[in-house]
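See below for start-v9.txt, which holds compact mmCIF, C-alpha atoms and all ligand atoms.
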# COMPACT_ATOMS: atom_id res chain seq x y z
CA MET Q 1 -11.43 55.79 -21.07
CA GLN Q 2 -14.26 56.85 -18.73
CA VAL Q 3 -16.42 54.11 -17.25
CA ASN Q 4 -18.94 56.20 -15.37
CA LYS Q 5 -22.29 55.27 -16.80
CA ALA Q 6 -24.88 53.24 -14.91
CA PRO Q 7 -24.17 49.52 -15.20
CA ILE Q 8 -26.46 47.24 -17.18
CA PHE Q 9 -29.08 45.61 -14.96
CA ASP Q 10 -31.95 43.29 -15.80
CA THR Q 11 -35.29 43.24 -14.01
CA PHE Q 12 -33.96 40.62 -11.53
CA GLU Q 13 -31.25 43.03 -10.32
CA ARG Q 14 -28.52 41.03 -12.01
CA LYS Q 15 -25.63 43.25 -13.11
CA HIS Q 16 -24.42 42.31 -16.60
CA ASP Q 17 -20.71 42.91 -16.81
CA TYR Q 18 -19.46 39.97 -18.89
CA LEU Q 19 -19.55 40.14 -22.69
CA ARG Q 20 -18.92 37.18 -24.96
CA ILE Q 21 -18.13 38.25 -28.49
CA SER Q 22 -18.32 35.76 -31.33
CA LEU Q 23 -15.78 36.82 -33.95
CA THR Q 24 -16.81 34.38 -36.64
CA GLU Q 25 -19.35 31.64 -37.30
CA ARG Q 26 -16.77 29.59 -39.17
CA CYS Q 27 -14.47 26.94 -37.78
CA ASN Q 28 -11.61 24.64 -38.72
CA LEU Q 29 -13.32 21.75 -36.88
CA ARG Q 30 -16.77 20.21 -37.31
CA CYS Q 31 -17.63 18.98 -33.81
CA PHE Q 32 -20.86 17.10 -34.43
CA TYR Q 33 -22.71 18.63 -31.45
CA CYS Q 34 -21.91 22.15 -32.64
CA MET Q 35 -21.45 22.33 -36.42
CA PRO Q 36 -23.14 20.63 -39.34
CA GLU Q 37 -20.74 18.36 -41.26
CA GLU Q 38 -20.87 20.56 -44.35
CA GLY Q 39 -20.19 23.69 -42.27
CA ILE Q 40 -22.62 26.57 -42.00
CA PRO Q 41 -23.96 28.34 -45.09
CA LEU Q 42 -21.73 31.23 -46.09
CA ARG Q 43 -23.29 34.66 -45.90
CA GLU Q 44 -22.13 37.89 -47.47
CA LYS Q 45 -19.33 39.64 -45.61
CA ALA Q 46 -21.40 42.78 -45.06
CA VAL Q 47 -23.68 41.10 -42.52
CA PHE Q 48 -20.77 40.55 -40.13
CA MET Q 49 -19.09 43.04 -37.85
CA THR Q 50 -15.84 44.41 -39.16
CA SER Q 51 -12.93 44.49 -36.72
CA GLU Q 52 -13.49 48.23 -36.24
CA GLU Q 53 -17.20 47.71 -35.49
CA THR Q 54 -16.39 44.89 -33.08
CA ILE Q 55 -14.01 47.13 -31.18
CA GLU Q 56 -16.42 50.08 -31.25
CA LEU Q 57 -19.25 47.97 -29.81
CA ALA Q 58 -16.91 46.46 -27.22
CA ARG Q 59 -15.94 49.98 -26.11
CA ILE Q 60 -19.59 50.91 -25.66
CA PHE Q 61 -20.13 47.83 -23.49
CA VAL Q 62 -17.06 48.67 -21.43
CA GLU Q 63 -18.38 52.19 -20.88
CA LEU Q 64 -21.51 50.50 -19.52
CA GLY Q 65 -19.50 48.61 -16.94
CA VAL Q 66 -18.47 45.41 -18.75
CA LYS Q 67 -15.44 44.07 -16.88
CA LYS Q 68 -14.70 40.90 -18.79
CA ILE Q 69 -14.70 40.10 -22.52
CA ARG Q 70 -14.42 36.60 -23.92
CA LEU Q 71 -13.67 36.10 -27.62
CA THR Q 72 -15.28 33.05 -29.07
CA GLY Q 73 -16.92 31.77 -32.23
CA GLY Q 74 -16.88 29.55 -34.30
CA GLU Q 75 -13.13 29.48 -33.95
CA PRO Q 76 -11.88 32.96 -33.01
CA LEU Q 77 -8.29 32.28 -34.06
CA ILE Q 78 -9.19 31.68 -37.72
CA LYS Q 79 -10.25 35.33 -38.02
CA LYS Q 80 -7.67 37.00 -40.29
CA ASP Q 81 -7.43 40.15 -38.21
CA ILE Q 82 -7.36 38.36 -34.85
CA ALA Q 83 -3.99 39.71 -33.67
CA ASN Q 84 -5.13 43.30 -34.23
CA ILE Q 85 -8.48 42.69 -32.49
CA ILE Q 86 -6.78 41.12 -29.47
CA GLN Q 87 -4.24 43.94 -29.35
CA GLN Q 88 -6.91 46.65 -29.42
CA LEU Q 89 -9.27 44.97 -26.96
CA GLY Q 90 -6.29 44.37 -24.68
CA GLN Q 91 -6.04 48.14 -24.26
CA LEU Q 92 -9.52 48.40 -22.75
CA PRO Q 93 -9.87 48.23 -18.96
CA VAL Q 94 -11.23 44.67 -19.01
CA GLU Q 95 -10.16 41.11 -18.36
CA LEU Q 96 -9.72 39.76 -21.87
CA THR Q 97 -9.89 36.05 -22.52
CA LEU Q 98 -10.83 33.57 -25.21
CA THR Q 99 -12.27 30.14 -25.92
CA THR Q 100 -10.52 28.23 -28.68
CA ASN Q 101 -10.04 24.76 -30.08
CA ALA Q 102 -6.27 25.52 -29.78
CA ILE Q 103 -5.33 24.46 -33.32
CA LEU Q 104 -3.72 27.84 -33.99
CA VAL Q 105 -2.64 28.76 -30.46
CA ASP Q 106 1.10 28.42 -31.18
CA ARG Q 107 0.88 31.33 -33.66
CA TYR Q 108 -0.51 33.74 -31.07
CA ILE Q 109 1.26 33.09 -27.76
CA GLU Q 110 3.08 36.43 -27.92
CA THR Q 111 -0.05 38.29 -29.00
CA PHE Q 112 -1.87 36.88 -25.97
CA GLN Q 113 0.97 37.84 -23.65
CA GLU Q 114 1.27 41.36 -25.03
CA ALA Q 115 -2.48 41.92 -24.66
CA GLY Q 116 -2.36 40.80 -21.03
CA ILE Q 117 -4.45 37.66 -21.57
CA GLN Q 118 -3.94 35.37 -18.61
CA SER Q 119 -6.50 32.65 -18.99
CA ILE Q 120 -7.66 30.62 -21.98
CA ASN Q 121 -10.36 27.97 -22.38
CA VAL Q 122 -9.65 25.12 -24.77
CA SER Q 123 -12.17 22.57 -26.01
CA LEU Q 124 -11.07 18.95 -26.06
CA ASP Q 125 -13.68 16.20 -25.93
CA SER Q 126 -11.45 13.15 -25.75
CA LEU Q 127 -7.95 12.16 -24.73
CA LYS Q 128 -7.96 9.50 -27.42
CA ALA Q 129 -6.90 10.71 -30.85
CA GLU Q 130 -9.27 8.50 -32.77
CA ARG Q 131 -12.30 9.46 -30.72
CA PHE Q 132 -11.44 13.16 -30.72
CA ASN Q 133 -10.98 13.15 -34.48
CA ALA Q 134 -14.29 11.32 -34.93
CA ILE Q 135 -16.15 13.87 -32.76
CA SER Q 136 -14.52 16.85 -34.48
CA ARG Q 137 -14.53 15.22 -37.96
CA ARG Q 138 -10.98 16.44 -38.55
CA SER Q 139 -7.47 15.25 -37.58
CA TYR Q 140 -5.89 17.84 -35.32
CA PHE Q 141 -5.61 15.90 -32.06
CA ASP Q 142 -1.79 15.91 -31.79
CA ARG Q 143 -1.50 19.57 -32.62
CA ILE Q 144 -4.12 20.50 -30.02
CA MET Q 145 -2.42 18.43 -27.30
CA THR Q 146 0.92 20.09 -28.10
CA ASN Q 147 -0.70 23.51 -27.94
CA ILE Q 148 -2.35 22.81 -24.58
CA GLU Q 149 1.10 21.95 -23.18
CA LEU Q 150 2.44 25.16 -24.76
CA LEU Q 151 -0.21 27.20 -22.92
CA LEU Q 152 0.71 25.51 -19.64
CA VAL Q 153 4.46 26.02 -20.16
CA ASN Q 154 3.73 29.70 -20.77
CA ASN Q 155 1.74 29.92 -17.53
CA PHE Q 156 -1.67 30.62 -19.00
CA LYS Q 157 -4.45 29.60 -16.63
CA THR Q 158 -5.94 26.90 -18.83
CA LYS Q 159 -9.37 25.34 -18.62
CA VAL Q 160 -10.26 22.41 -20.83
CA ASN Q 161 -13.92 22.11 -21.83
CA VAL Q 162 -15.27 18.61 -22.40
CA VAL Q 163 -18.83 18.23 -23.68
CA LEU Q 164 -19.86 14.92 -22.15
CA ILE Q 165 -22.19 12.80 -24.23
CA LYS Q 166 -23.58 9.45 -23.19
CA ASP Q 167 -21.98 6.53 -25.05
CA VAL Q 168 -19.62 8.90 -26.88
CA ASN Q 169 -17.02 10.06 -24.33
CA ASP Q 170 -18.64 9.59 -20.90
CA LYS Q 171 -16.30 6.68 -20.17
CA GLU Q 172 -13.40 9.14 -20.12
CA VAL Q 173 -14.41 11.06 -16.99
CA VAL Q 174 -11.81 9.27 -14.86
CA ASP Q 175 -9.12 9.53 -17.58
CA PHE Q 176 -9.62 13.28 -17.79
CA ILE Q 177 -9.36 13.65 -14.03
CA GLU Q 178 -6.22 11.50 -13.93
CA TRP Q 179 -4.82 13.80 -16.59
CA THR Q 180 -5.04 16.63 -13.98
CA GLU Q 181 -2.80 14.78 -11.53
CA ASN Q 182 0.38 16.50 -12.68
CA ARG Q 183 -1.03 19.33 -14.76
CA ASP Q 184 -2.21 22.66 -13.43
CA VAL Q 185 -5.31 22.63 -15.58
CA GLU Q 186 -9.04 22.66 -14.83
CA VAL Q 187 -11.08 20.15 -16.82
CA ARG Q 188 -14.73 21.22 -17.06
CA PHE Q 189 -17.38 18.68 -17.92
CA ILE Q 190 -20.21 20.40 -19.81
CA GLU Q 191 -23.68 18.99 -20.34
CA PHE Q 192 -24.56 18.44 -23.97
CA MET Q 193 -27.09 21.12 -24.92
CA PRO Q 194 -29.70 21.19 -27.68
CA PHE Q 195 -29.09 23.46 -30.68
CA ASP Q 196 -30.18 23.58 -34.26
CA GLY Q 197 -29.72 20.17 -35.93
CA ASN Q 198 -27.34 18.62 -33.37
CA ASN Q 199 -29.45 15.49 -32.69
CA TRP Q 200 -29.66 16.26 -29.01
CA ASN Q 201 -31.95 14.30 -26.79
CA TRP Q 202 -32.42 14.14 -23.06
CA SER Q 203 -31.02 10.62 -22.75
CA LYS Q 204 -27.61 11.73 -24.09
CA LYS Q 205 -26.91 14.03 -21.16
CA VAL Q 206 -24.51 13.08 -18.35
CA THR Q 207 -25.53 14.66 -15.06
CA GLN Q 208 -23.46 16.01 -12.20
CA ALA Q 209 -24.65 13.11 -10.00
CA GLU Q 210 -23.45 10.56 -12.58
CA ILE Q 211 -20.05 12.23 -12.85
CA ILE Q 212 -19.60 12.35 -9.08
CA GLU Q 213 -20.63 8.71 -8.82
CA LYS Q 214 -17.93 7.69 -11.32
CA VAL Q 215 -15.33 9.81 -9.54
CA GLU Q 216 -16.13 8.47 -6.08
CA ALA Q 217 -16.21 4.89 -7.33
CA HIS Q 218 -12.72 5.27 -8.82
CA PHE Q 219 -10.84 7.61 -6.47
CA GLY Q 220 -12.86 7.07 -3.26
CA ALA Q 221 -15.31 9.60 -1.77
CA GLU Q 222 -12.75 10.69 0.83
CA LYS Q 223 -10.39 11.88 -1.93
CA LEU Q 224 -12.96 14.15 -3.57
CA VAL Q 225 -12.58 17.74 -2.37
CA SER Q 226 -15.30 20.32 -3.10
CA LEU Q 227 -13.78 23.72 -3.83
CA PRO Q 228 -15.53 27.07 -3.23
CA SER Q 229 -17.37 28.79 -6.10
CA LEU Q 230 -16.80 32.40 -7.10
CA PRO Q 231 -19.68 34.83 -7.72
CA ASN Q 232 -21.09 34.34 -11.27
CA ASP Q 233 -19.43 30.94 -11.56
CA THR Q 234 -21.10 28.57 -13.99
CA SER Q 235 -19.12 25.64 -12.77
CA ARG Q 236 -18.97 23.62 -9.54
CA HIS Q 237 -15.33 22.98 -8.73
CA TYR Q 238 -13.63 19.88 -7.33
CA GLN Q 239 -10.20 18.40 -6.93
CA ILE Q 240 -8.81 15.00 -6.14
CA ASP Q 241 -6.78 15.34 -2.98
CA GLY Q 242 -3.12 15.72 -3.91
CA PHE Q 243 -3.70 16.44 -7.61
CA LYS Q 244 -2.20 19.55 -9.17
CA GLY Q 245 -5.21 20.30 -11.39
CA LYS Q 246 -8.93 20.51 -10.73
CA PHE Q 247 -12.16 19.64 -12.41
CA GLY Q 248 -15.51 21.36 -12.70
CA ILE Q 249 -19.05 20.49 -13.75
CA ILE Q 250 -21.25 22.79 -15.83
CA SER Q 251 -24.75 21.38 -15.73
CA THR Q 252 -26.70 23.97 -17.66
CA LEU Q 253 -29.69 21.70 -18.21
CA THR Q 254 -30.10 19.74 -15.01
CA ASN Q 255 -28.76 22.26 -12.49
CA PRO Q 256 -28.53 25.74 -14.02
CA PHE Q 257 -26.72 28.83 -12.75
CA CYS Q 258 -29.16 31.47 -13.87
CA ASP Q 259 -29.53 33.21 -10.49
CA SER Q 260 -26.17 34.89 -10.84
CA CYS Q 261 -26.06 35.25 -14.63
CA ASN Q 262 -24.04 38.28 -15.76
CA ARG Q 263 -23.58 37.35 -19.43
CA ILE Q 264 -24.33 39.18 -22.62
CA ARG Q 265 -23.63 37.61 -26.00
CA LEU Q 266 -22.76 39.49 -29.15
CA THR Q 267 -22.94 37.31 -32.28
CA ALA Q 268 -20.56 37.68 -35.24
CA ASP Q 269 -23.37 39.35 -37.18
CA GLY Q 270 -23.72 41.94 -34.45
CA LYS Q 271 -26.82 40.74 -32.63
CA ILE Q 272 -27.32 40.76 -28.90
CA LYS Q 273 -28.54 37.55 -27.36
CA ASN Q 274 -29.54 38.10 -23.76
CA CYS Q 275 -29.48 34.36 -23.02
CA LEU Q 276 -27.80 31.37 -24.65
CA PHE Q 277 -31.21 29.70 -24.94
CA SER Q 278 -33.11 32.67 -26.30
CA SER Q 279 -34.04 32.70 -29.95
CA GLU Q 280 -34.81 36.42 -29.73
CA GLU Q 281 -32.03 38.70 -30.93
CA VAL Q 282 -31.59 42.44 -31.30
CA ASN Q 283 -29.55 43.77 -34.20
CA LEU Q 284 -26.98 46.06 -32.62
CA LEU Q 285 -24.79 46.22 -35.71
CA GLN Q 286 -27.58 47.64 -37.83
CA ALA Q 287 -28.30 50.19 -35.10
CA LEU Q 288 -24.63 51.18 -34.98
CA ARG Q 289 -24.49 51.57 -38.76
CA LYS Q 290 -27.61 53.72 -38.78
CA GLY Q 291 -26.28 55.93 -35.99
CA LYS Q 292 -29.02 54.89 -33.55
CA ASP Q 293 -28.75 54.94 -29.77
CA VAL Q 294 -26.88 51.66 -29.21
CA GLU Q 295 -26.72 52.09 -25.43
CA LYS Q 296 -30.52 52.28 -25.18
CA ILE Q 297 -30.89 49.14 -27.30
CA ILE Q 298 -28.42 47.23 -25.13
CA ARG Q 299 -30.25 48.21 -21.94
CA GLU Q 300 -33.65 47.30 -23.42
CA SER Q 301 -32.39 43.92 -24.56
CA ILE Q 302 -31.11 43.05 -21.09
CA LEU Q 303 -34.30 44.34 -19.44
CA ALA Q 304 -36.22 41.84 -21.57
CA LYS Q 305 -34.13 38.95 -20.25
CA LYS Q 306 -36.09 36.16 -18.55
CA HIS Q 307 -34.93 34.84 -15.22
CA SER Q 308 -33.95 31.39 -16.33
CA ARG Q 309 -32.93 29.80 -19.64
CA ALA Q 310 -35.06 32.15 -21.75
CA GLY Q 311 -38.18 31.01 -19.88
CA ILE Q 312 -37.78 27.30 -20.61
CA GLN Q 313 -38.81 25.37 -17.51
CA SER Q 314 -37.53 21.93 -18.38
CA PHE Q 315 -35.68 20.18 -21.14
CA GLU Q 316 -37.17 16.81 -20.32
CA ASP Q 317 -40.21 17.10 -22.53
CA GLU Q 318 -40.15 16.87 -26.31
CA LYS Q 319 -41.71 20.31 -26.67
CA SER Q 320 -38.71 22.07 -25.14
CA ALA Q 321 -36.35 20.13 -27.38
CA LEU Q 322 -38.35 21.28 -30.39
CA ILE Q 323 -38.24 24.89 -29.23
CA HIS Q 324 -34.51 24.46 -29.19
CA SER Q 325 -34.21 23.14 -32.65
CA ALA Q 326 -35.39 26.63 -33.66
CA ASN Q 327 -32.35 28.18 -31.97
CA ARG Q 328 -29.09 28.78 -33.89
CA SER Q 329 -26.33 26.21 -33.73
CA MET Q 330 -23.66 26.91 -31.11
CA THR Q 331 -21.12 27.90 -33.71
CA THR Q 332 -23.30 30.79 -34.87
CA ILE Q 333 -24.26 31.90 -31.35
CA GLY Q 334 -20.76 31.86 -29.91
CA GLY Q 335 -20.40 29.35 -27.12
N1 LIG Q 401 -14.20 26.99 -31.28
C1 LIG Q 401 -14.01 27.34 -29.92
C2 LIG Q 401 -14.00 26.09 -29.05
O1 LIG Q 401 -14.46 25.04 -29.49
O2 LIG Q 401 -13.55 26.22 -27.90
C3 LIG Q 401 -15.01 28.35 -29.39
C4 LIG Q 401 -16.43 28.21 -29.78
S1 LIG Q 401 -17.27 26.78 -29.14
C5 LIG Q 401 -18.88 27.01 -29.82
C6 LIG Q 401 -17.43 27.20 -27.44
C7 LIG Q 401 -17.80 26.09 -26.51
O3 LIG Q 401 -19.12 25.67 -26.79
C8 LIG Q 401 -16.92 24.86 -26.64
O4 LIG Q 401 -16.34 24.55 -25.39
C9 LIG Q 401 -17.87 23.79 -27.10
O5 LIG Q 401 -17.50 22.56 -26.60
C10 LIG Q 401 -19.19 24.28 -26.54
N2 LIG Q 401 -20.35 23.71 -27.21
C11 LIG Q 401 -20.65 23.74 -28.53
N3 LIG Q 401 -21.80 23.09 -28.79
C12 LIG Q 401 -22.26 22.64 -27.59
C13 LIG Q 401 -23.39 21.88 -27.19
N4 LIG Q 401 -24.30 21.47 -28.05
N5 LIG Q 401 -23.54 21.59 -25.88
C14 LIG Q 401 -22.61 22.02 -24.97
N6 LIG Q 401 -21.53 22.74 -25.29
C15 LIG Q 401 -21.34 23.03 -26.58
FE1 LIG Q 402 -15.61 24.58 -33.94
FE2 LIG Q 402 -15.65 25.01 -31.32
FE3 LIG Q 402 -17.86 24.28 -32.59
FE4 LIG Q 402 -15.92 22.50 -32.34
S1 LIG Q 402 -17.09 23.45 -30.65
S2 LIG Q 402 -17.06 22.97 -34.24
S3 LIG Q 402 -14.15 23.79 -32.41
S4 LIG Q 402 -16.80 26.16 -32.86

The structure given in the file should be rewritten as structure tokens.
Ligand code: SAM
Ligand code: SF4
Amino acid sequence: MQVNKAPIFDTFERKHDYLRISLTERCNLRCFYCMPEEGIPLREKAVFMTSEETIELARIFVELGVKKIRLTGGEPLIKKDIANIIQQLGQLPVELTLTTNAILVDRYIETFQEAGIQSINVSLDSLKAERFNAISRRSYFDRIMTNIELLLVNNFKTKVNVVLIKDVNDKEVVDFIEWTENRDVEVRFIEFMPFDGNNWNWSKKVTQAEIIEKVEAHFGAEKLVSLPSLPNDTSRHYQIDGFKGKFGIISTLTNPFCDSCNRIRLTADGKIKNCLFSSEEVNLLQALRKGKDVEKIIRESILAKKHSRAGIQSFEDEKSALIHSANRSMTTIGG
């Protein structure tokens, strides 16, 4: 495959070489900050990308210089054709990875290995079964914990995403870090973000400063080691001296990483979102089906990208929160 076209740049000279593809809006969990309890309304199959269309669009992005593809959702592993999609994308010259709730991971370990997947992000918001099951409104805690260990035993670089929410799971910061003492895993604390109908408000966030305060109070400031960041990192990395694992903080609201953003999102219904916070979308799938110039549409979409969080200055005022309630829920965007 030839990758010799000009890369995708925005007007701020940011090269966009990381594509996140949502494979489905559906999920086997109902995490309250992401999914409505009743699930999302079902739509006719024809509005979603088929596996072939997903792969065709991915190839076009790779020809435009995309170097990394993350499969997400909803829950990517509930997609019927997932093994075939992973297999085919694994043949492209990209780093292929995925974000999953890990419920079905045990079924696909070999598929991941054969496709050359080396790193996997798992979501887990509590180390306590009862709390996790309350947050996700289902009862898969034990299975998920077993599958995280399975990933580690099979040497996948594993990151565990924890959405921290005040008075829900923020008391577990220290527990999660202690969990990294003998496990080669990176726990990433993510700020709770506002999306359609998820009852977000500013007071429920847990900031980087609050996390660091808890960590220093428990482990001692001298034990907290700051690790270097990589280009395009969304996370600040730390480690407790002597621990096998690490932890990171993703503070999208209070301390964003937009300067080095290289991300493009493709939703399960084939729309490009040039920013997680943008409610503007361009229908790439329709363009593909009508035989239009998909490459031109991709470039135009990225050229329209605002510098920071789709132009939203602050999340502190009510107005911004309301703008956000007009955005899709995370499960339909693809987190
Ligand atoms: N089902 C998979 C999973 O949970 O890992 C992949 C999709 S999920 C939408 C991707 C990531 O988005 C998860 O780590 C989840 O915790 C995060 N997420 C969902 N809603 C969020 C919100 N309101 N604020 C912050 N992160 C959120
Ligand atoms: Fe499903 Fe992931 Fe959303 Fe939880 S965060 S409801 S696992 S898509």

Inset, instruction - Go through the chains and note each residue within 8 Å of ligand LIG 401 (chain Q), using only C-alpha atoms and all ligand atoms, then give the set as an MDAnalysis selection string. - result: chainID Q and resid 22 27 29 31 33:35 72:76 98:102 121:125 160:163 190:195 198 200 329:335

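Take CA of Glu13 (chain Q) and CA of Ser308 (chain Q): the distance between them is 13.4 Å.
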
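Across the structure, CA of Ile302 (chain Q) and CA of Asn274 (chain Q) are spaced 5.8 Å apart.
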
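Taking CA of Tyr18 (chain Q) and CA of Lys67 (chain Q) as endpoints, the distance between them is 6.1 Å.
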
Inset, instruction - For each of Q:Ile85, Q:Ile78, Q:Leu57, Q:Val173, take the minimum atom-to-atom distance to Val187 (chain Q), counting all atoms listed in the file, then give the residue where this is smallest. - result: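 Selected residue with least distance to Val187 (chain Q): Q:Val173.
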